[in-house]
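Here is the structure we will look at.
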Amino acid sequence: MAAMEIRSEWVKVPNADLQIDSYLAQPTAEGTYPGIIVLQEVFGVNAHIREVTEKIARQGYVAIAPALYQRTAGGGFETGYSDEDLELGRKYKNMTKASELLRDIQAAIDFLKGQKNVKSTGFGCIGFCFGGHVAYLAATLNDIQATASFYGAGLVSMTPGGGEPTIERTPEINGTVYAFFGTEDPLIALEEVDQVEAALQKHQVPHKVFRYQGASHGFCCDHRESYHGPAATDAWNHVFEELFPQLK
């Protein structure tokens, strides 16, 4: 479809006594659209994540990227991609907890439900890097019916804040999951990708798992040296042509 005109802004998403800084992008044309939650890399809701949020809105969705580090880093956290930036981002990632992340994502969903131009049922989520792991968690929420998880590390070995690995929550997933990995990712062994696919199959979760030859971690981020154009283009085609249209 042709790209739609959009508008974007920063908003506050209330969650009890927490106000979550969130980047909201939506079509300007009247109508009702499915809602999509965009889940950040360790680098915060930075320029790349804002661009992703806008990219999704141009395809006819209302997209929102909540700051997953609101509790630990405060509002406005974003970094670049240097080693120092990565270390700082990981510091805050390691302070997150799965239960809090899920509450914050649910708050973002509830915020979208309160918008007149958002369909009240059938939400999607998409996440990259740390957000790819969190997207798999978010797939367990009742409202999430379509999940795109990009190179989420640690799914088979841990969960934010500790406890059994996130993969153990696969039976709780309600909708469809698309998972995207690079075969040259130094953070995710190919055996782990196989385990994720096996868990989705075992628990009969509708899914597709994509393995991109020659792609590394972060292959979908055109702000990083690891960007892999052919893999990113193919992955976005699957998201926009197959996965998210299920919500319309």
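For the structure tokens, the naming scheme is as follows: chains receive sequential letters (A, B, ...) according to their order of presentation, residues are indexed from 1 within each chain, and ligands are indexed from 1 in presentation order.
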
Residues within 9 Å of range 191-203 of chain A, only C-alpha atoms, excluding chain neighbours under 3 positions, as an MDAnalysis selection string: chainID A and resid 153:157 167:168 170:171 173 177 179 181 188 206:209 211

How would the residues just picked look written out with all heavy atoms as a compact mmCIF listing (two decimals), in the first residue's frame?
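out_39.txt, freshly written:
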```
# COMPACT_ATOMS: atom_id res chain seq x y z
N ALA A 153 17.85 -11.87 22.20
CA ALA A 153 18.82 -12.75 22.83
C ALA A 153 18.33 -13.21 24.20
O ALA A 153 17.57 -12.53 24.87
CB ALA A 153 20.17 -12.04 22.97
N GLY A 154 18.78 -14.39 24.60
CA GLY A 154 18.53 -14.88 25.94
C GLY A 154 17.18 -15.53 26.17
O GLY A 154 16.85 -15.88 27.31
N LEU A 155 16.40 -15.75 25.14
CA LEU A 155 15.07 -16.32 25.33
C LEU A 155 15.11 -17.69 26.00
O LEU A 155 14.22 -18.03 26.79
CB LEU A 155 14.34 -16.43 23.99
CG LEU A 155 13.88 -15.12 23.35
CD1 LEU A 155 13.40 -15.37 21.93
CD2 LEU A 155 12.77 -14.49 24.18
N VAL A 156 16.12 -18.47 25.70
CA VAL A 156 16.17 -19.84 26.23
C VAL A 156 16.96 -19.93 27.51
O VAL A 156 17.00 -21.01 28.13
CB VAL A 156 16.77 -20.81 25.19
CG1 VAL A 156 16.01 -20.73 23.88
CG2 VAL A 156 18.24 -20.55 24.96
N SER A 157 17.55 -18.84 27.96
CA SER A 157 18.44 -18.92 29.13
C SER A 157 18.07 -18.02 30.28
O SER A 157 18.56 -18.23 31.40
CB SER A 157 19.88 -18.60 28.70
OG SER A 157 19.96 -17.29 28.15
N ILE A 167 11.36 -18.53 27.40
CA ILE A 167 10.84 -19.57 26.51
C ILE A 167 9.83 -20.48 27.21
O ILE A 167 8.94 -21.05 26.58
CB ILE A 167 11.99 -20.40 25.90
CG1 ILE A 167 11.50 -21.20 24.68
CG2 ILE A 167 12.64 -21.29 26.94
CD1 ILE A 167 12.61 -21.88 23.92
N GLU A 168 9.95 -20.60 28.54
CA GLU A 168 9.03 -21.44 29.30
C GLU A 168 7.61 -20.86 29.31
O GLU A 168 6.66 -21.56 29.68
CB GLU A 168 9.53 -21.61 30.73
CG GLU A 168 10.88 -22.32 30.83
CD GLU A 168 10.85 -23.73 30.26
OE1 GLU A 168 9.80 -24.40 30.36
OE2 GLU A 168 11.87 -24.15 29.68
N THR A 170 6.09 -19.89 26.61
CA THR A 170 5.53 -20.09 25.27
C THR A 170 4.08 -20.59 25.30
O THR A 170 3.26 -20.14 24.48
CB THR A 170 6.41 -21.05 24.46
OG1 THR A 170 7.75 -20.53 24.40
CG2 THR A 170 5.89 -21.22 23.04
N PRO A 171 3.69 -21.50 26.22
CA PRO A 171 2.30 -21.96 26.22
C PRO A 171 1.29 -20.84 26.49
O PRO A 171 0.10 -21.00 26.20
CB PRO A 171 2.27 -22.99 27.36
CG PRO A 171 3.68 -23.43 27.52
CD PRO A 171 4.51 -22.24 27.20
N ILE A 173 1.30 -17.89 25.05
CA ILE A 173 1.16 -17.02 23.88
C ILE A 173 -0.19 -17.25 23.22
O ILE A 173 -0.62 -18.39 23.01
CB ILE A 173 2.32 -17.26 22.89
CG1 ILE A 173 3.65 -16.82 23.53
CG2 ILE A 173 2.08 -16.52 21.59
CD1 ILE A 173 4.87 -17.13 22.69
N VAL A 177 3.35 -15.54 16.13
CA VAL A 177 4.70 -15.02 16.37
C VAL A 177 5.55 -15.21 15.12
O VAL A 177 5.63 -16.31 14.57
CB VAL A 177 5.37 -15.75 17.56
CG1 VAL A 177 6.83 -15.32 17.68
CG2 VAL A 177 4.62 -15.48 18.85
N ALA A 179 9.54 -14.67 14.21
CA ALA A 179 10.84 -14.43 14.85
C ALA A 179 11.92 -14.37 13.78
O ALA A 179 11.98 -15.23 12.89
CB ALA A 179 11.14 -15.53 15.87
N PHE A 181 16.08 -13.89 12.85
CA PHE A 181 17.44 -14.06 13.36
C PHE A 181 18.45 -14.01 12.22
O PHE A 181 18.14 -14.37 11.08
CB PHE A 181 17.60 -15.39 14.08
CG PHE A 181 16.68 -15.58 15.26
CD1 PHE A 181 15.45 -16.24 15.10
CD2 PHE A 181 17.01 -15.10 16.51
CE1 PHE A 181 14.59 -16.42 16.19
CE2 PHE A 181 16.16 -15.26 17.60
CZ PHE A 181 14.95 -15.93 17.43
N ILE A 188 23.40 -14.89 19.68
CA ILE A 188 22.35 -15.92 19.65
C ILE A 188 22.86 -17.11 18.85
O ILE A 188 23.00 -17.02 17.63
CB ILE A 188 21.04 -15.38 19.02
CG1 ILE A 188 20.60 -14.08 19.72
CG2 ILE A 188 19.94 -16.43 19.10
CD1 ILE A 188 19.44 -13.39 19.03
N PRO A 206 0.88 -20.45 16.30
CA PRO A 206 1.09 -20.08 14.89
C PRO A 206 2.36 -19.23 14.78
O PRO A 206 2.51 -18.24 15.51
CB PRO A 206 -0.17 -19.27 14.55
CG PRO A 206 -1.19 -19.72 15.55
CD PRO A 206 -0.43 -20.00 16.81
N HIS A 207 3.24 -19.62 13.88
CA HIS A 207 4.54 -18.94 13.87
C HIS A 207 5.26 -19.13 12.54
O HIS A 207 4.95 -20.04 11.77
CB HIS A 207 5.43 -19.47 14.99
CG HIS A 207 5.89 -20.88 14.75
ND1 HIS A 207 5.11 -21.98 15.04
CD2 HIS A 207 7.05 -21.38 14.22
CE1 HIS A 207 5.76 -23.07 14.71
NE2 HIS A 207 6.93 -22.74 14.20
N LYS A 208 6.27 -18.28 12.34
CA LYS A 208 7.30 -18.47 11.33
C LYS A 208 8.62 -18.01 11.94
O LYS A 208 8.66 -16.99 12.63
CB LYS A 208 7.00 -17.68 10.05
CG LYS A 208 5.85 -18.23 9.22
CD LYS A 208 5.72 -17.48 7.89
CE LYS A 208 4.59 -18.05 7.04
NZ LYS A 208 4.46 -17.34 5.73
N VAL A 209 9.67 -18.76 11.69
CA VAL A 209 11.01 -18.39 12.15
C VAL A 209 11.90 -18.19 10.93
O VAL A 209 11.99 -19.08 10.08
CB VAL A 209 11.60 -19.47 13.09
CG1 VAL A 209 13.03 -19.11 13.48
CG2 VAL A 209 10.73 -19.63 14.35
N ARG A 211 15.66 -17.26 9.31
CA ARG A 211 17.11 -17.26 9.54
C ARG A 211 17.77 -16.65 8.31
O ARG A 211 17.66 -17.20 7.21
CB ARG A 211 17.62 -18.68 9.76
CG ARG A 211 17.01 -19.40 10.96
CD ARG A 211 17.31 -20.90 10.88
NE ARG A 211 16.87 -21.64 12.05
CZ ARG A 211 15.64 -22.10 12.22
NH1 ARG A 211 14.72 -21.88 11.28
NH2 ARG A 211 15.32 -22.79 13.31
```

Problem - Close residues, range 60-69 of chain A itself excluded, 7 Å, only C-alpha atoms, min 3 positions apart in chain, as a VMD selection string - result: chain A and resid 4 20 to 27 33 to 39 44 to 45 53 56 to 57 72 to 74 92 101 108 118

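Across A:Gly218, A:Gly152, A:Gly89, A:Pro186, the tightest approach to His133 in chain A is made by A:Gly152 when counting only C-alpha atoms.
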
| task | Please provide as JSON, numbers by chain all residues within 6 Å of Asp143 in chain A, with the sequence filter that same-chain residues fewer than 2 positions apart are discarded (counting only C-alpha atoms). | result | {"A": [122, 123, 141]}

May I have the residues from that selection written out with C-alpha atoms, as a JSON list (two decimals), in the first residue's frame?
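Dumped everything to again-v6.json:
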```
[["chain", "number", "residue", "atom", "x", "y", "z"],
["A", 122, "GLY", "CA", -6.30, -7.21, 18.20],
["A", 123, "PHE", "CA", -3.03, -5.42, 18.98],
["A", 141, "LEU", "CA", -0.69, -10.69, 26.97]]
```

Just the residues within 12 Å of Asn237 in chain A, please, counting only C-alpha atoms, with nothing from its chain fewer than 5 positions along; format it as number ranges by chain. A: 1, 56, 59, 148, 178, 230-232, 242-245

Looking only at the backbone, which of the residues in range 154-211 of chain A does DSSP tag as alpha helix (DSSP H), as a VMD selection string? chain A and resid 190 to 202

Please extract the residues of range 53-228 of chain A with a backbone DSSP assignment of strand (DSSP E or B) and present them as a VMD selection string.
chain A and resid 62 to 66 78 118 123 to 128 144 to 150 176 to 182 207 to 212

I need the chosen residues saved as a PDB file, in the first residue's frame, with C-alpha atoms.
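Here's the written file part-v2.pdb:
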```pdb
ATOM      1  CA  VAL A  62      -1.251   3.606  15.307  1.00  0.00           C
ATOM      2  CA  ALA A  63       2.166   2.817  16.739  1.00  0.00           C
ATOM      3  CA  ILE A  64       3.581   3.673  20.141  1.00  0.00           C
ATOM      4  CA  ALA A  65       7.053   3.118  21.594  1.00  0.00           C
ATOM      5  CA  PRO A  66       7.019   3.253  25.408  1.00  0.00           C
ATOM      6  CA  GLU A  78      18.564   7.405  24.423  1.00  0.00           C
ATOM      7  CA  VAL A 118      -7.596   2.791  17.381  1.00  0.00           C
ATOM      8  CA  PHE A 123      -3.034  -5.421  18.979  1.00  0.00           C
ATOM      9  CA  GLY A 124       0.424  -6.171  17.673  1.00  0.00           C
ATOM     10  CA  CYS A 125       3.937  -5.717  18.976  1.00  0.00           C
ATOM     11  CA  ILE A 126       7.376  -5.569  17.429  1.00  0.00           C
ATOM     12  CA  GLY A 127      10.722  -5.482  19.186  1.00  0.00           C
ATOM     13  CA  PHE A 128      14.409  -5.470  18.362  1.00  0.00           C
ATOM     14  CA  ILE A 144      -1.437  -9.105  21.663  1.00  0.00           C
ATOM     15  CA  GLN A 145      -2.419 -11.111  18.584  1.00  0.00           C
ATOM     16  CA  ALA A 146       0.594 -10.550  16.307  1.00  0.00           C
ATOM     17  CA  THR A 147       4.215 -10.427  17.455  1.00  0.00           C
ATOM     18  CA  ALA A 148       7.394  -9.677  15.495  1.00  0.00           C
ATOM     19  CA  SER A 149      10.488 -10.558  17.518  1.00  0.00           C
ATOM     20  CA  PHE A 150      13.795  -9.467  16.000  1.00  0.00           C
ATOM     21  CA  THR A 176       0.933 -15.426  15.950  1.00  0.00           C
ATOM     22  CA  VAL A 177       4.699 -15.022  16.369  1.00  0.00           C
ATOM     23  CA  TYR A 178       7.214 -14.199  13.660  1.00  0.00           C
ATOM     24  CA  ALA A 179      10.836 -14.432  14.848  1.00  0.00           C
ATOM     25  CA  PHE A 180      13.786 -13.090  12.858  1.00  0.00           C
ATOM     26  CA  PHE A 181      17.438 -14.055  13.357  1.00  0.00           C
ATOM     27  CA  GLY A 182      20.778 -13.653  11.598  1.00  0.00           C
ATOM     28  CA  HIS A 207       4.536 -18.937  13.866  1.00  0.00           C
ATOM     29  CA  LYS A 208       7.298 -18.471  11.328  1.00  0.00           C
ATOM     30  CA  VAL A 209      11.008 -18.392  12.154  1.00  0.00           C
ATOM     31  CA  PHE A 210      13.347 -16.679   9.702  1.00  0.00           C
ATOM     32  CA  ARG A 211      17.110 -17.263   9.537  1.00  0.00           C
ATOM     33  CA  TYR A 212      19.057 -14.817   7.381  1.00  0.00           C
TER      34      TYR A 212
END
```

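Compared by their closest atoms to Val239 in chain A, and using only C-alpha atoms, the residues A:Arg169, A:Lys55, A:Arg224, A:Lys116 rank with A:Lys55 nearest.
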
Shortest contact to Thr140 in chain A, candidates A:Thr233, A:Gln115, A:Asn174, A:Gln213, atoms counted only C-alpha atoms, goes to A:Asn174

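Between Lys119 in chain A and the residues A:Gly31, A:Gly162, A:Ala3, A:Arg71, the shortest atom-to-atom distance, using only C-alpha atoms, involves A:Gly31.
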
As a check of understanding: the span from CA of Ser120 in chain A to CA of Glu30 in chain A is 15.9 Å

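Restricting the calculation to only C-alpha atoms, the smallest distance between Lys91 in chain A and any of A:Gln246, A:Glu164, A:Phe43, A:Asp234 is found for A:Phe43.
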
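The coordinates place CA of Pro160 in chain A at 7.9 Å from CA of Met95 in chain A.
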
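Our summary of the geometry notes that CA of Ala47 in chain A is positioned 9.1 Å from CA of Thr79 in chain A.
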